[in-house]
Every structure is written in structure tokens, then in C-alpha cells.
Amino acid sequence: MRLRSVTATLFALALCLALLFQSCSGSFQTTTDPTTDKMAQEHVGDTPVASAASQMEPAIPITAMSVDYATVDGQTVTGYLAQPEAMPQPLPAIIAIHEWWGLNENIEAMARRLAGEGYTVLAVDLYSGQTAEAPDQARQLMQAVMQDPEPAQRNLEQAYTFLTEEYDAPTVGSIGWCFGGGWSLRTGLLLPQQLNALAIYYGQLVTDKAELEPLSMPIIGFFGEDDQAIPVSDVRAFETALNDLNKNAEIYIFPGVGHAFANPSGQNYSPEAAAAAWIETTDFFEETLKGAA
């Protein structure tokens, strides 16, 4: 009995040491959010290079600058604000939420492109000034936010207040890609009566009717048929829940494309699907933000 006990103890100690070594060497990783892991699989081998979406010039001249728009846990949050140069103020506004790579130059370019359609656009930062250059780093940044979402929620609530109070925005919408697509939906859930329009690009979804019921704004969503991180079954469940609740929602599923097909950053870009989604997006904001202003 004593020999077996000593042997078992030694085995357990050896196992713990092996796991500790694997963890320190980076070969043993665990996460608590399955969507983050699935998203990481969709980005294997990807890098945050500028896609064609972020290389297109705004339709009209714009001006842009860094702005401090929030304070979270005692830390100032800096975003990127873009506006048309010569349009009467105030303008309808859009909160733009970055992909899992963070608020990089490609998201800033996308903010300028959106502003070129006639909006004040605030690209927010949910990563505390950090950006990722590789998928593993992006997964860590995304995971940190998903495990502790409250600071991001306060961040987005203050972004809305900043646009309505500092820039007198008569209407405000949100848009996000990938990680930001899910947070665009969360922005609507945080501000169910205040937000005027909500655009989701292949973000994590909520399908519970009780959670979705307070939403009052029009919703548009874009998804890829081959996306394994946000599968079509989830998209259909989301669409069904919105329809059952009589929400104003348009959901598009593009055949033959996967996750991140319209991202400002990365190598999963699909030109035809991205172009079609952009037309629908600009028409949507034209109707919901300018039409309601």
C-alpha cells in the first residue's frame, strides 16, 4: 500500500511538472471562450496586412485626428475620429469597432472611408492601445476582453455619449468586423433605445429572444457561408429570433466565403462579397441615420 501511494504521488508530481513546462514553453494553451478558439482557427496563417477595403479612398475629402473619448478604470481611452471637411455640422455618427487585430491603421482608414459617406465616425479602442501582429497575440487580446467585458461596455457607452454631447450627433449607429461585429451587437444591447442603427460583420451572435427583445433599432448583418467561427446555423437562429420578435432586420449570407471576408486587415478578403456588403451597408446607414436625423 505504501509503495503504491509513493508511486502515485511521484506520478502526479511528474505530470504537474510536465504541464508546467508545456505552459511555460507556449505549447500548452487553454481558453475559456470557444468562439475565440474558433475565430483563431479561421485566422491561422493570417496577418493584419491592409486589405482592399482599407485601401479605397473616401468619396469626399475628410479630416481625421486622435481623440480622447472615455475614461475606463482611471485610464484615458483614445480613439480615431474622422469627418467630412466641408459638410454642415452636426452630422449623423457611427461608432466603428475594430477587428480582433485592434485599432490599427487599417481600421483608421476604414473610419475615413465611412466618414466620406457623410458621417462623424469614431473608431473606438477596446484593447487599451494595443494592436496585434500575429493571430496568437490577437487571440490573447480578444480573450482578455471577453473574459472581462465590463470595461469594454463602459468604453462603448462613453463613446456614444461623446458623439451625442461633444459632436451633437442627431443619430448614432454602430458597425464592427469580426470581434467588433459581436461588439456592435453588444452596443445595441447596451443602448437598446438610444442606438439608431446596428451593422454586424460576422460577429458573435445572441439568439436568446429575451436578450434581443429590447432592441429597437434596424439591424443589418453580413456573414459567410463557409465561416466556421460564426456558423450558418447560428446566423439562422439569430435571424429567426429577430423575425419572431418583429424586429427590423436584414441578414445576408454570402456563398463561398468564410470568416473575415470584408475585414480591413488580413488575407481572407473576398472582393465581390465585400463590395456587395459595402453597398448594402452605405444604403442602410443612409436610410437609418440620415433619414432619421
# chains A, B, ... in the order shown; residues from 1 in each chain; ligands from 1
$ select_by_dssp --residues "stretch 194-291 of chain A" --states "alpha helix (DSSP H)" --output "NGL selection string"
:A and (209-212 or 232-244 or 271-285)
$ residues_around --residues "A:Pro151" --least-positions-apart "4" --cutoff "9 Å" --atoms "only C-alpha atoms" --output "list in words"
Val72, Asp73, Leu126, Val145, Asn155 and Leu156 of chain A
$ residues_around --residues "A:Lys290" --least-positions-apart "3" --cutoff "8 Å" --atoms "only C-alpha atoms" --output "CSV table (one decimal) with all heavy atoms, in the first residue's frame"
chain,number,residue,atom,x,y,z
A,92,PRO,N,-24.8,62.9,-38.6
A,92,PRO,CA,-25.1,61.6,-38.0
A,92,PRO,C,-23.7,60.9,-37.7
A,92,PRO,O,-22.7,61.2,-38.4
A,92,PRO,CB,-25.8,60.8,-39.1
A,92,PRO,CG,-26.4,61.9,-40.0
A,92,PRO,CD,-25.5,63.0,-39.9
A,171,THR,N,-28.2,61.3,-34.7
A,171,THR,CA,-28.4,59.9,-34.7
A,171,THR,C,-27.1,59.2,-34.7
A,171,THR,O,-26.0,59.7,-35.1
A,171,THR,CB,-29.1,59.4,-36.0
A,171,THR,OG1,-28.4,59.9,-37.2
A,171,THR,CG2,-30.6,59.9,-36.1
A,285,PHE,N,-27.1,52.7,-43.7
A,285,PHE,CA,-26.9,53.9,-42.9
A,285,PHE,C,-27.5,55.2,-43.5
A,285,PHE,O,-28.0,56.1,-42.7
A,285,PHE,CB,-25.4,54.1,-42.7
A,285,PHE,CG,-24.8,53.2,-41.7
A,285,PHE,CD1,-23.5,52.6,-41.9
A,285,PHE,CD2,-25.4,52.9,-40.5
A,285,PHE,CE1,-23.0,51.8,-41.0
A,285,PHE,CE2,-24.9,52.1,-39.5
A,285,PHE,CZ,-23.6,51.5,-39.8
A,286,GLU,N,-27.6,55.3,-44.8
A,286,GLU,CA,-28.2,56.4,-45.4
A,286,GLU,C,-29.7,56.5,-45.0
A,286,GLU,O,-30.2,57.6,-44.7
A,286,GLU,CB,-28.1,56.3,-47.0
A,286,GLU,CG,-28.8,57.4,-47.7
A,286,GLU,CD,-27.9,58.6,-47.9
A,286,GLU,OE1,-26.7,58.5,-47.7
A,286,GLU,OE2,-28.5,59.7,-48.2
A,287,GLU,N,-30.3,55.4,-45.0
A,287,GLU,CA,-31.8,55.3,-44.6
A,287,GLU,C,-32.0,55.5,-43.1
A,287,GLU,O,-32.9,56.2,-42.7
A,287,GLU,CB,-32.4,54.0,-45.1
A,287,GLU,CG,-33.8,53.8,-44.7
A,287,GLU,CD,-34.4,52.5,-45.2
A,287,GLU,OE1,-33.7,51.8,-46.0
A,287,GLU,OE2,-35.5,52.2,-44.8
A,293,ALA,N,-32.4,61.6,-39.2
A,293,ALA,CA,-31.8,62.7,-38.5
A,293,ALA,C,-32.8,64.0,-38.5
A,293,ALA,O,-33.6,64.1,-39.4
A,293,ALA,CB,-30.5,63.1,-39.2
$ residues_around --residues "A:Leu103" --least-positions-apart "5" --cutoff "9 Å" --atoms "only C-alpha atoms" --output "number ranges by chain"
A: 79-80, 97-98, 108, 123-127, 129-131
$ atom_distance --atom1 "atom CA of A:Pro170" --atom2 "atom CA of A:Thr288"
11.5 Å
$ atom_distance --atom1 "atom CA of A:Ala169" --atom2 "atom CA of A:Gly74"
26.1 Å
$ closest_atom_pairs --of "stretch 148-174 of chain A" --to "stretch 185-190 of chain A" --cutoff "12 Å" --atoms "only C-alpha atoms" --output "JSON lines"
{"residue": "A:Pro149", "atom": "CA", "partner": "A:Arg186", "partner_atom": "CA", "distance": 10.1}
{"residue": "A:Glu150", "atom": "CA", "partner": "A:Leu190", "partner_atom": "CA", "distance": 10.9}
{"residue": "A:Ala152", "atom": "CA", "partner": "A:Thr187", "partner_atom": "CA", "distance": 9.7}
{"residue": "A:Gln153", "atom": "CA", "partner": "A:Leu190", "partner_atom": "CA", "distance": 7.4}
{"residue": "A:Arg154", "atom": "CA", "partner": "A:Leu190", "partner_atom": "CA", "distance": 9.4}
{"residue": "A:Asn155", "atom": "CA", "partner": "A:Thr187", "partner_atom": "CA", "distance": 10.1}
{"residue": "A:Leu156", "atom": "CA", "partner": "A:Thr187", "partner_atom": "CA", "distance": 6.7}
{"residue": "A:Glu157", "atom": "CA", "partner": "A:Leu190", "partner_atom": "CA", "distance": 7.5}
{"residue": "A:Gln158", "atom": "CA", "partner": "A:Thr187", "partner_atom": "CA", "distance": 11.0}
{"residue": "A:Ala159", "atom": "CA", "partner": "A:Thr187", "partner_atom": "CA", "distance": 10.1}
{"residue": "A:Tyr160", "atom": "CA", "partner": "A:Thr187", "partner_atom": "CA", "distance": 9.3}
{"residue": "A:Val172", "atom": "CA", "partner": "A:Gly188", "partner_atom": "CA", "distance": 10.7}
{"residue": "A:Gly173", "atom": "CA", "partner": "A:Gly188", "partner_atom": "CA", "distance": 8.9}
{"residue": "A:Ser174", "atom": "CA", "partner": "A:Thr187", "partner_atom": "CA", "distance": 7.3}
$ write_last_selection --atoms "C-alpha atoms" --output "PDB file, in the first residue's frame"
ATOM      1  CA  PRO A 149     -16.381  42.603 -20.719  1.00  0.00           C
ATOM      2  CA  GLU A 150     -17.417  45.343 -18.280  1.00  0.00           C
ATOM      3  CA  ALA A 152     -15.450  47.461 -22.878  1.00  0.00           C
ATOM      4  CA  GLN A 153     -19.101  48.101 -22.122  1.00  0.00           C
ATOM      5  CA  ARG A 154     -18.286  51.315 -20.251  1.00  0.00           C
ATOM      6  CA  ASN A 155     -15.954  52.252 -23.106  1.00  0.00           C
ATOM      7  CA  LEU A 156     -18.747  51.978 -25.679  1.00  0.00           C
ATOM      8  CA  GLU A 157     -21.327  53.741 -23.538  1.00  0.00           C
ATOM      9  CA  GLN A 158     -18.958  56.699 -23.250  1.00  0.00           C
ATOM     10  CA  ALA A 159     -18.275  56.596 -26.988  1.00  0.00           C
ATOM     11  CA  TYR A 160     -21.982  57.108 -27.583  1.00  0.00           C
ATOM     12  CA  VAL A 172     -25.781  57.222 -33.960  1.00  0.00           C
ATOM     13  CA  GLY A 173     -25.136  53.800 -35.468  1.00  0.00           C
ATOM     14  CA  SER A 174     -22.543  51.115 -34.851  1.00  0.00           C
TER      15      SER A 174
END
$ residues_around --residues "A:Thr282" --least-positions-apart "2" --cutoff "12 Å" --atoms "only C-alpha atoms" --output "ChimeraX atom specification"
/A:59,94,113-119,173,175,197,199,220,275-280,284-290
